[in-house]
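**Q** Have a peek at run16.tsv (TSV, C-alpha atoms and all ligand atoms).
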```
chain	number	residue	atom	x	y	z
Q	1	MET	CA	216.26	18.86	89.53
Q	2	ILE	CA	217.68	21.34	86.98
Q	3	LEU	CA	216.05	21.62	83.54
Q	4	VAL	CA	217.89	23.17	80.59
Q	5	THR	CA	215.88	24.32	77.57
Q	6	GLY	CA	217.30	24.50	74.04
Q	7	ALA	CA	219.09	21.27	74.88
Q	8	THR	CA	219.53	20.27	71.22
Q	9	GLY	CA	221.22	23.61	70.51
Q	10	GLY	CA	224.76	24.76	71.15
Q	11	LEU	CA	224.60	26.55	74.49
Q	12	GLY	CA	221.95	24.29	76.03
Q	13	HIS	CA	223.72	21.06	75.11
Q	14	GLU	CA	227.12	22.37	76.19
Q	15	THR	CA	225.63	23.48	79.54
Q	16	ILE	CA	224.26	19.97	80.10
Q	17	ASP	CA	227.68	18.51	79.16
Q	18	CYS	CA	229.19	20.65	81.95
Q	19	LEU	CA	226.45	19.74	84.45
Q	20	LEU	CA	227.05	16.05	83.75
Q	21	LYS	CA	230.65	16.48	84.94
Q	22	THR	CA	229.53	17.68	88.37
Q	23	ILE	CA	226.07	16.33	89.24
Q	24	PRO	CA	224.37	12.99	88.54
Q	25	ALA	CA	222.38	12.70	85.30
Q	26	THR	CA	219.33	11.85	87.42
Q	27	GLU	CA	219.31	15.50	88.59
Q	28	ILE	CA	219.26	16.91	85.05
Q	29	ALA	CA	216.35	17.34	82.64
Q	30	ALA	CA	216.55	18.57	79.04
Q	31	LEU	CA	213.75	20.37	77.24
Q	32	VAL	CA	213.67	19.67	73.51
Q	33	ARG	CA	211.12	20.03	70.76
Q	34	ASP	CA	212.35	16.95	68.89
Q	35	ALA	CA	213.32	14.06	71.18
Q	36	SER	CA	214.94	12.17	68.28
Q	37	LYS	CA	217.69	14.85	68.34
Q	38	ALA	CA	218.42	14.15	72.03
Q	39	THR	CA	219.09	10.39	72.07
Q	40	ASP	CA	222.66	11.04	73.24
Q	41	LEU	CA	221.34	12.86	76.31
Q	42	ALA	CA	218.76	10.15	77.04
Q	43	GLN	CA	221.49	7.50	76.78
Q	44	GLN	CA	223.50	9.36	79.41
Q	45	GLY	CA	220.52	9.23	81.76
Q	46	VAL	CA	219.27	12.80	81.31
Q	47	ASP	CA	215.49	13.10	81.62
Q	48	VAL	CA	214.50	14.32	78.13
Q	49	ARG	CA	211.18	16.19	78.09
Q	50	GLN	CA	209.42	17.44	74.97
Q	51	ALA	CA	207.73	20.82	74.53
Q	52	ASP	CA	207.80	23.71	72.09
Q	53	TYR	CA	208.02	27.22	73.59
Q	54	PHE	CA	204.72	27.95	71.83
Q	55	ASP	CA	202.95	24.93	73.44
Q	56	TYR	CA	201.93	26.14	76.89
Q	57	PRO	CA	200.25	22.95	78.22
Q	58	ALA	CA	203.26	20.85	77.14
Q	59	LEU	CA	205.60	23.31	78.90
Q	60	VAL	CA	203.65	23.06	82.17
Q	61	GLN	CA	203.81	19.27	81.93
Q	62	ALA	CA	207.55	19.35	81.17
Q	63	PHE	CA	208.33	21.59	84.15
Q	64	ARG	CA	206.63	19.39	86.78
Q	65	GLY	CA	209.05	18.42	89.56
Q	66	ILE	CA	211.72	20.88	88.39
Q	67	GLU	CA	213.37	23.27	90.86
Q	68	LYS	CA	215.54	25.38	88.52
Q	69	VAL	CA	215.06	26.15	84.83
Q	70	LEU	CA	217.68	27.56	82.47
Q	71	LEU	CA	215.66	29.29	79.74
Q	72	VAL	CA	217.91	29.44	76.68
Q	73	SER	CA	216.50	32.37	74.74
Q	74	ALA	CA	214.59	31.66	71.55
Q	75	VAL	CA	216.16	32.41	68.19
Q	76	ALA	CA	215.92	35.83	66.52
Q	77	PHE	CA	213.30	36.47	63.82
Q	78	THR	CA	210.67	34.54	65.81
Q	79	ASP	CA	208.16	35.84	68.35
Q	80	ARG	CA	210.65	35.62	71.21
Q	81	VAL	CA	208.52	37.51	73.72
Q	82	THR	CA	205.55	35.12	73.45
Q	83	GLN	CA	207.83	32.10	73.72
Q	84	HIS	CA	209.68	33.45	76.76
Q	85	ARG	CA	206.44	34.49	78.48
Q	86	ASN	CA	205.05	31.01	77.92
Q	87	VAL	CA	208.12	29.45	79.52
Q	88	ILE	CA	208.02	31.85	82.51
Q	89	ASP	CA	204.27	31.39	83.08
Q	90	ALA	CA	204.47	27.61	82.67
Q	91	ALA	CA	207.42	27.39	85.06
Q	92	LYS	CA	205.45	29.32	87.65
Q	93	GLU	CA	202.34	27.21	87.19
Q	94	ALA	CA	204.36	23.99	87.48
Q	95	GLY	CA	205.97	25.09	90.76
Q	96	VAL	CA	209.50	25.89	89.52
Q	97	LYS	CA	211.33	28.06	92.08
Q	98	HIS	CA	214.16	29.69	90.15
Q	99	LEU	CA	214.49	30.63	86.47
Q	100	PHE	CA	217.75	31.62	84.75
Q	101	TYR	CA	217.39	33.52	81.48
Q	102	THR	CA	220.10	33.92	78.79
Q	103	SER	CA	219.91	37.55	77.73
Q	104	ILE	CA	222.45	39.57	75.73
Q	105	GLN	CA	225.17	41.82	77.11
Q	106	ARG	CA	224.15	45.48	77.21
Q	107	SER	CA	227.12	47.74	77.79
Q	108	SER	CA	225.31	50.67	76.16
Q	109	ASP	CA	221.71	51.74	75.62
Q	110	PHE	CA	221.82	50.78	71.94
Q	111	VAL	CA	218.74	48.75	71.02
Q	112	MET	CA	219.62	45.86	68.76
Q	113	PRO	CA	216.66	44.96	66.53
Q	114	GLU	CA	215.37	41.38	66.97
Q	115	VAL	CA	217.43	40.97	70.15
Q	116	THR	CA	217.55	43.73	72.77
Q	117	ALA	CA	213.92	44.79	72.69
Q	118	SER	CA	212.67	41.25	73.29
Q	119	ASP	CA	215.33	40.66	75.96
Q	120	LEU	CA	214.24	43.81	77.81
Q	121	ALA	CA	210.59	42.71	77.63
Q	122	THR	CA	211.48	39.21	78.86
Q	123	GLU	CA	213.61	40.50	81.73
Q	124	ALA	CA	210.82	42.83	82.88
Q	125	TYR	CA	208.26	40.02	82.65
Q	126	LEU	CA	210.52	37.63	84.57
Q	127	LYS	CA	211.20	40.18	87.32
Q	128	ALA	CA	207.45	40.76	87.75
Q	129	SER	CA	206.64	37.02	87.68
Q	130	GLY	CA	207.34	36.29	91.34
Q	131	LEU	CA	209.84	33.57	90.38
Q	132	VAL	CA	213.36	33.84	91.76
Q	133	TYR	CA	215.36	34.95	88.72
Q	134	THR	CA	218.93	35.14	87.51
Q	135	ILE	CA	219.61	37.10	84.33
Q	136	LEU	CA	222.69	36.09	82.36
Q	137	LYS	CA	223.73	38.91	80.02
Q	138	ASN	CA	225.82	36.88	77.63
Q	139	GLY	CA	228.58	38.38	75.54
Q	140	TYR	CA	228.92	37.90	71.80
Q	141	TYR	CA	230.14	34.41	70.95
Q	142	PHE	CA	233.63	34.04	69.47
Q	143	GLU	CA	231.89	31.56	67.14
Q	144	GLY	CA	230.00	34.52	65.62
Q	145	LEU	CA	233.22	36.28	64.54
Q	146	GLY	CA	233.33	34.27	61.32
Q	147	TYR	CA	229.92	35.60	60.31
Q	148	LEU	CA	231.27	39.15	60.56
Q	149	ILE	CA	234.70	38.75	58.91
Q	150	GLY	CA	234.32	35.49	56.94
Q	151	SER	CA	235.56	32.04	57.81
Q	152	GLU	CA	238.74	32.06	55.68
Q	153	VAL	CA	241.97	33.89	56.47
Q	154	PRO	CA	241.59	37.17	54.55
Q	155	ALA	CA	244.19	37.99	51.88
Q	156	THR	CA	244.86	41.61	52.84
Q	157	GLU	CA	241.89	43.20	54.57
Q	158	ILE	CA	238.87	42.71	56.78
Q	159	SER	CA	235.92	44.99	56.29
Q	160	VAL	CA	233.07	45.35	58.80
Q	161	PRO	CA	230.78	48.36	59.44
Q	162	ALA	CA	231.83	48.45	63.10
Q	163	GLY	CA	233.95	51.62	63.26
Q	164	GLU	CA	236.23	51.60	66.29
Q	165	GLY	CA	233.76	49.47	68.31
Q	166	LYS	CA	234.97	46.59	70.46
Q	167	ILE	CA	233.60	43.15	71.37
Q	168	ALA	CA	234.38	41.20	74.56
Q	169	PHE	CA	234.13	37.87	72.69
Q	170	ILE	CA	233.53	34.72	74.73
Q	171	LYS	CA	233.58	31.10	73.58
Q	172	ARG	CA	230.18	29.47	73.85
Q	173	THR	CA	231.60	26.44	75.68
Q	174	GLU	CA	233.05	28.82	78.30
Q	175	LEU	CA	229.68	30.54	78.67
Q	176	ALA	CA	228.16	27.09	79.12
Q	177	ALA	CA	230.70	26.16	81.81
Q	178	ALA	CA	230.08	29.45	83.64
Q	179	THR	CA	226.32	28.93	83.37
Q	180	ALA	CA	226.54	25.38	84.72
Q	181	ALA	CA	228.63	26.65	87.64
Q	182	LEU	CA	225.93	29.20	88.47
Q	183	LEU	CA	223.16	26.61	88.13
Q	184	ILE	CA	224.72	24.20	90.61
Q	185	SER	CA	225.70	26.78	93.23
Q	186	GLU	CA	223.55	28.76	95.64
Q	187	GLY	CA	223.17	32.49	96.13
Q	188	HIS	CA	222.19	33.91	92.73
Q	189	ASP	CA	218.67	34.96	93.68
Q	190	ASN	CA	217.42	37.98	91.72
Q	191	GLN	CA	220.89	38.73	90.36
Q	192	ASN	CA	222.18	39.91	86.97
Q	193	TYR	CA	225.52	38.64	85.65
Q	194	THR	CA	227.28	39.92	82.55
Q	195	LEU	CA	229.27	37.00	81.14
Q	196	THR	CA	232.03	38.14	78.78
Q	197	GLY	CA	235.61	37.56	77.82
Q	198	SER	CA	238.19	39.31	80.00
Q	199	GLU	CA	239.25	41.66	77.20
Q	200	ALA	CA	237.39	43.58	74.49
Q	201	TYR	CA	238.83	43.71	70.99
Q	202	SER	CA	238.34	46.09	68.07
Q	203	PHE	CA	238.49	44.87	64.48
Q	204	HIS	CA	241.91	46.57	64.29
Q	205	ASP	CA	242.94	44.10	67.02
Q	206	VAL	CA	241.44	41.23	65.00
Q	207	ALA	CA	243.38	42.34	61.89
Q	208	ARG	CA	246.60	42.75	63.90
Q	209	GLU	CA	246.34	39.24	65.37
Q	210	LEU	CA	245.48	37.75	61.97
Q	211	SER	CA	248.52	39.52	60.46
Q	212	ARG	CA	250.78	38.14	63.16
Q	213	LEU	CA	249.47	34.60	62.69
Q	214	ALA	CA	249.41	34.75	58.87
Q	215	GLY	CA	252.84	36.34	58.60
Q	216	HIS	CA	251.64	39.04	56.19
Q	217	PRO	CA	249.85	42.37	56.66
Q	218	ILE	CA	246.07	42.29	57.07
Q	219	THR	CA	244.32	45.58	57.79
Q	220	TYR	CA	240.86	46.58	58.97
Q	221	GLN	CA	238.69	49.02	57.07
Q	222	SER	CA	235.39	50.08	58.60
Q	223	SER	CA	232.84	49.89	55.80
Q	224	GLU	CA	229.35	51.24	55.24
Q	225	PRO	CA	226.40	48.90	55.98
Q	226	ALA	CA	224.96	48.83	52.42
Q	227	PRO	CA	228.04	47.48	50.58
Q	228	TYR	CA	228.73	45.11	53.51
Q	229	ILE	CA	225.22	43.67	53.24
Q	230	ALA	CA	225.56	43.40	49.44
Q	231	GLN	CA	228.87	41.57	49.86
Q	232	LYS	CA	227.29	39.09	52.34
Q	233	VAL	CA	224.34	38.50	50.01
Q	234	ALA	CA	226.78	37.88	47.14
Q	235	ALA	CA	228.51	35.33	49.41
Q	236	GLY	CA	225.22	33.44	49.69
Q	237	PHE	CA	223.54	34.74	52.86
Q	238	PRO	CA	219.82	35.64	52.64
Q	239	ALA	CA	219.27	39.42	52.76
Q	240	PRO	CA	217.66	39.42	56.27
Q	241	VAL	CA	220.61	37.43	57.64
Q	242	ALA	CA	223.13	39.73	55.94
Q	243	THR	CA	221.26	42.71	57.42
Q	244	PHE	CA	221.37	41.03	60.84
Q	245	PHE	CA	225.18	40.78	60.60
Q	246	ALA	CA	225.35	44.50	59.78
Q	247	GLN	CA	223.14	45.22	62.80
Q	248	TRP	CA	225.55	43.34	65.08
Q	249	ALA	CA	228.33	45.48	63.62
Q	250	ASP	CA	226.26	48.60	64.30
Q	251	ALA	CA	225.65	47.40	67.87
Q	252	THR	CA	229.42	46.94	68.20
Q	253	GLN	CA	230.04	50.48	66.94
Q	254	HIS	CA	227.61	51.71	69.58
Q	255	GLY	CA	229.36	49.91	72.44
Q	256	LEU	CA	226.71	47.27	73.18
Q	257	LEU	CA	229.23	44.42	73.39
Q	258	ALA	CA	232.33	46.21	74.68
Q	259	GLY	CA	232.16	45.94	78.47
Q	260	THR	CA	234.19	43.28	80.25
Q	261	THR	CA	233.64	41.52	83.56
Q	262	THR	CA	235.75	39.00	85.46
Q	263	THR	CA	232.72	36.82	86.26
Q	264	VAL	CA	233.47	34.09	83.70
Q	265	ALA	CA	237.14	34.00	84.71
Q	266	GLN	CA	236.12	33.63	88.35
Q	267	LEU	CA	233.60	30.89	87.59
Q	268	LEU	CA	236.05	28.97	85.36
Q	269	GLY	CA	238.99	29.50	87.71
Q	270	ARG	CA	241.12	30.62	84.74
Q	271	GLN	CA	241.16	33.29	82.04
Q	272	PRO	CA	238.73	32.58	79.19
Q	273	THR	CA	240.06	32.12	75.65
Q	274	SER	CA	241.81	35.18	74.22
Q	275	LEU	CA	241.43	36.52	70.67
Q	276	ARG	CA	244.85	35.20	69.68
Q	277	GLU	CA	244.06	31.72	71.04
Q	278	TYR	CA	240.69	31.64	69.25
Q	279	LEU	CA	242.05	32.86	65.90
Q	280	LYS	CA	244.97	30.42	66.06
Q	281	ALA	CA	242.70	27.44	66.80
Q	282	VAL	CA	240.04	28.27	64.21
Q	283	TYR	CA	241.84	30.08	61.38
Q	284	PHE	CA	245.25	28.41	61.67
Q	285	PRO	CA	244.61	24.88	62.97
Q	286	GLY	CA	247.73	22.80	63.15
Q	287	ALA	CA	249.97	25.87	62.76
J	301	LIG	N1	225.52	35.79	72.47
J	301	LIG	C1	225.60	35.45	71.19
J	301	LIG	O1	226.59	35.72	70.49
J	301	LIG	C2	224.48	34.68	70.56
J	301	LIG	C3	224.63	34.20	69.26
J	301	LIG	C4	223.58	33.48	68.71
J	301	LIG	C5	222.43	33.27	69.44
J	301	LIG	N2	222.32	33.75	70.70
J	301	LIG	C6	221.11	33.56	71.52
J	301	LIG	O2	221.42	32.52	72.44
J	301	LIG	C7	220.54	31.39	72.23
J	301	LIG	C8	221.35	30.13	72.39
J	301	LIG	O3	222.39	30.11	71.44
J	301	LIG	P1	222.76	28.77	70.70
J	301	LIG	O4	224.01	29.01	69.98
J	301	LIG	O5	222.65	27.62	71.63
J	301	LIG	O6	221.55	28.66	69.64
J	301	LIG	P2	221.09	27.35	68.83
J	301	LIG	O7	222.22	26.40	68.68
J	301	LIG	O8	220.39	27.85	67.61
J	301	LIG	O9	220.03	26.66	69.81
J	301	LIG	C9	218.76	27.17	69.99
J	301	LIG	C10	217.96	26.12	70.75
J	301	LIG	O10	216.64	26.64	71.00
J	301	LIG	C11	215.71	25.64	70.61
J	301	LIG	N3	214.46	26.27	70.20
J	301	LIG	C12	214.30	27.19	69.23
J	301	LIG	N4	213.00	27.51	69.11
J	301	LIG	C13	212.33	26.75	70.02
J	301	LIG	C14	210.98	26.60	70.36
J	301	LIG	N5	210.01	27.30	69.72
J	301	LIG	N6	210.66	25.74	71.34
J	301	LIG	C15	211.60	25.03	71.99
J	301	LIG	N7	212.92	25.12	71.71
J	301	LIG	C16	213.26	25.97	70.73
J	301	LIG	C17	216.36	24.93	69.45
J	301	LIG	O11	215.73	23.69	69.24
J	301	LIG	P3	215.90	22.88	67.84
J	301	LIG	O12	217.18	22.10	67.97
J	301	LIG	O13	214.69	22.02	67.79
J	301	LIG	O14	215.96	23.90	66.74
J	301	LIG	C18	217.78	24.82	69.97
J	301	LIG	O15	217.89	23.74	70.86
J	301	LIG	C19	219.96	31.59	70.84
J	301	LIG	O16	218.69	30.97	70.74
J	301	LIG	C20	219.89	33.10	70.74
J	301	LIG	O17	218.74	33.61	71.42
J	301	LIG	C21	223.32	34.44	71.28
```
Would you write the structure of this file as structure tokens?
Ligand SMILES: NC(=O)c1ccc[n+]([C@@H]2O[C@H](COP(=O)([O-])OP(=O)(O)OC[C@H]3O[C@@H](n4cnc5c(N)ncnc54)[C@H](OP(=O)(O)O)[C@@H]3O)[C@@H](O)[C@H]2O)c1
**A**
Amino acid sequence: MILVTGATGGLGHETIDCLLKTIPATEIAALVRDASKATDLAQQGVDVRQADYFDYPALVQAFRGIEKVLLVSAVAFTDRVTQHRNVIDAAKEAGVKHLFYTSIQRSSDFVMPEVTASDLATEAYLKASGLVYTILKNGYYFEGLGYLIGSEVPATEISVPAGEGKIAFIKRTELAAATAALLISEGHDNQNYTLTGSEAYSFHDVARELSRLAGHPITYQSSEPAPYIAQKVAAGFPAPVATFFAQWADATQHGLLAGTTTTVAQLLGRQPTSLREYLKAVYFPGA
């Protein structure tokens, strides 16, 4: 039986949706912290189990009879390392054989606050745990592009403190499909996979594609972090969140998210969504 954590969240739920297309619901378990948010999964026959990453005894109980666990990483600004260690230790105690962990892509040595340091600690802990592991180094979601440039078509300019940096954006549903394909196939013992789009794009590329779709010129100006954060705060984001966006831009400038692999394309059997396709669907629906 395969258990997916974070099953009420985006990636976890989408991974279960993909699993349900290929294996019976009786072979799938979902870990949630609020079962009332998972009634749709229960209705489809998924075994919904309740535990918080901070509740070690509940985790051990939830992992009984499970062969493979997909640990969907905990959210930033929480004690991710403690939560991940609890899941790894509980999986081991409950007799789980293989644990998949959703890490972040690392195409450079840049350390992203709130993300990379805790991923590195988790990966090291998992490798030393004795469990069979598979580390999924996930690319930056296309869905996060709107946080960086705004969710409306810009009038004339996009401004992000990302310099000439590039991102190999990948749609979260495509990451989920690739993850489900790995979960149901054999041969991923003690492997690392970097799961990205097939192409990396700069914000000049984003501006160029927006211009083409909008039919008027839109340019990219790399900005400084301070005014960018101030602009995000003025738009209503809390200061720590606005700072987090600027840190992703800094990580982009330092190449963290720029590398591409063909792994997702191979697992999907087709090219993942391109920048133009994503921008057209999200910024110009119906066009
Ligand atoms: N690669 C990227 O671009 C990117 C972007 C954003 C996030 N991420 C990382 O990838 C993960 C998955 O992304 P996502 O979009 O699916 O995030 P999401 O929609 O926020 O889902 C996070 C899931 O984790 C669960 N969770 C959080 N804290 C928990 C705890 N203490 N115990 C048990 N479950 C807990 C949440 O449960 P509730 O429903 O109860 O809250 C939710 O189901 C994120 O958590 C983050 O680490 C990556």
**Q** Return as a list of chain:residue names the residues of protein, DNA or RNA that approach ligand LIG 301 (chain J) to within 7 Å, with all atoms listed in the file taken into account.
**A**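 The neighbouring residues of ligand LIG 301 (chain J) are, in order, Q:Thr5, Q:Gly6, Q:Ala7, Q:Thr8, Q:Gly9, Q:Gly10, Q:Leu11, Q:Gly12, Q:Val32, Q:Arg33, Q:Asp34, Q:Ala51, Q:Asp52, Q:Tyr53, Q:Phe54, Q:Val72, Q:Ser73, Q:Ala74, Q:Val75, Q:Ala76, Q:Gln83, Q:Thr102, Q:Ile104, Q:Asn138, Q:Gly139, Q:Tyr140, Q:Tyr141, Q:Gly144.
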**Q** Restricting the calculation to all atoms listed in the file: of Q:Gln231, Q:Thr273, Q:Thr156, Q:Gln191, which residue gets closest to Arg208 (chain Q)?
**A**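 Residue with the minimum atom-to-atom distance to Arg208 (chain Q): Q:Thr156.
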**Q** List as a PyMOL selection string the protein and nucleic acid residues near region 91-94 of chain Q, meaning an atom at most 6 Å away when only C-alpha atoms are counted, but skip any in the same chain fewer than 6 places from it.
**A** chain Q and resi 60+63-64
**Q** Distance CA of Val153 (chain Q)-CA of Arg172 (chain Q), one decimal place?
**A**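 Taking CA of Val153 (chain Q) as the start and CA of Arg172 (chain Q) as the end point, the length is 21.5 Å.
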**Q** What's around region 215-227 of chain Q at 8 Å? Count only C-alpha atoms, leave out sequence neighbours fewer than 2 positions away in its own chain, and write the answer as a PDB file with C-alpha atoms, keeping the file's coordinate frame.
**A**
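Resulting contents of out.pdb:
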```pdb
ATOM      1  CA  PRO Q 154     241.590  37.170  54.550  1.00  0.00           C
ATOM      2  CA  ALA Q 155     244.190  37.990  51.880  1.00  0.00           C
ATOM      3  CA  THR Q 156     244.860  41.610  52.840  1.00  0.00           C
ATOM      4  CA  GLU Q 157     241.890  43.200  54.570  1.00  0.00           C
ATOM      5  CA  ILE Q 158     238.870  42.710  56.780  1.00  0.00           C
ATOM      6  CA  SER Q 159     235.920  44.990  56.290  1.00  0.00           C
ATOM      7  CA  VAL Q 160     233.070  45.350  58.800  1.00  0.00           C
ATOM      8  CA  PRO Q 161     230.780  48.360  59.440  1.00  0.00           C
ATOM      9  CA  ALA Q 162     231.830  48.450  63.100  1.00  0.00           C
ATOM     10  CA  GLY Q 163     233.950  51.620  63.260  1.00  0.00           C
ATOM     11  CA  GLU Q 164     236.230  51.600  66.290  1.00  0.00           C
ATOM     12  CA  PHE Q 203     238.490  44.870  64.480  1.00  0.00           C
ATOM     13  CA  HIS Q 204     241.910  46.570  64.290  1.00  0.00           C
ATOM     14  CA  ALA Q 207     243.380  42.340  61.890  1.00  0.00           C
ATOM     15  CA  ARG Q 208     246.600  42.750  63.900  1.00  0.00           C
ATOM     16  CA  LEU Q 210     245.480  37.750  61.970  1.00  0.00           C
ATOM     17  CA  SER Q 211     248.520  39.520  60.460  1.00  0.00           C
ATOM     18  CA  ARG Q 212     250.780  38.140  63.160  1.00  0.00           C
ATOM     19  CA  LEU Q 213     249.470  34.600  62.690  1.00  0.00           C
ATOM     20  CA  ILE Q 229     225.220  43.670  53.240  1.00  0.00           C
ATOM     21  CA  ALA Q 230     225.560  43.400  49.440  1.00  0.00           C
ATOM     22  CA  GLN Q 231     228.870  41.570  49.860  1.00  0.00           C
ATOM     23  CA  ALA Q 246     225.350  44.500  59.780  1.00  0.00           C
TER      24      ALA Q 246
END
```
**Q** Closest to Arg85 (chain Q) among Q:Asp47, Q:Asp55, Q:Asp205, Q:Glu114, using only C-alpha atoms?
**A** Q:Asp55
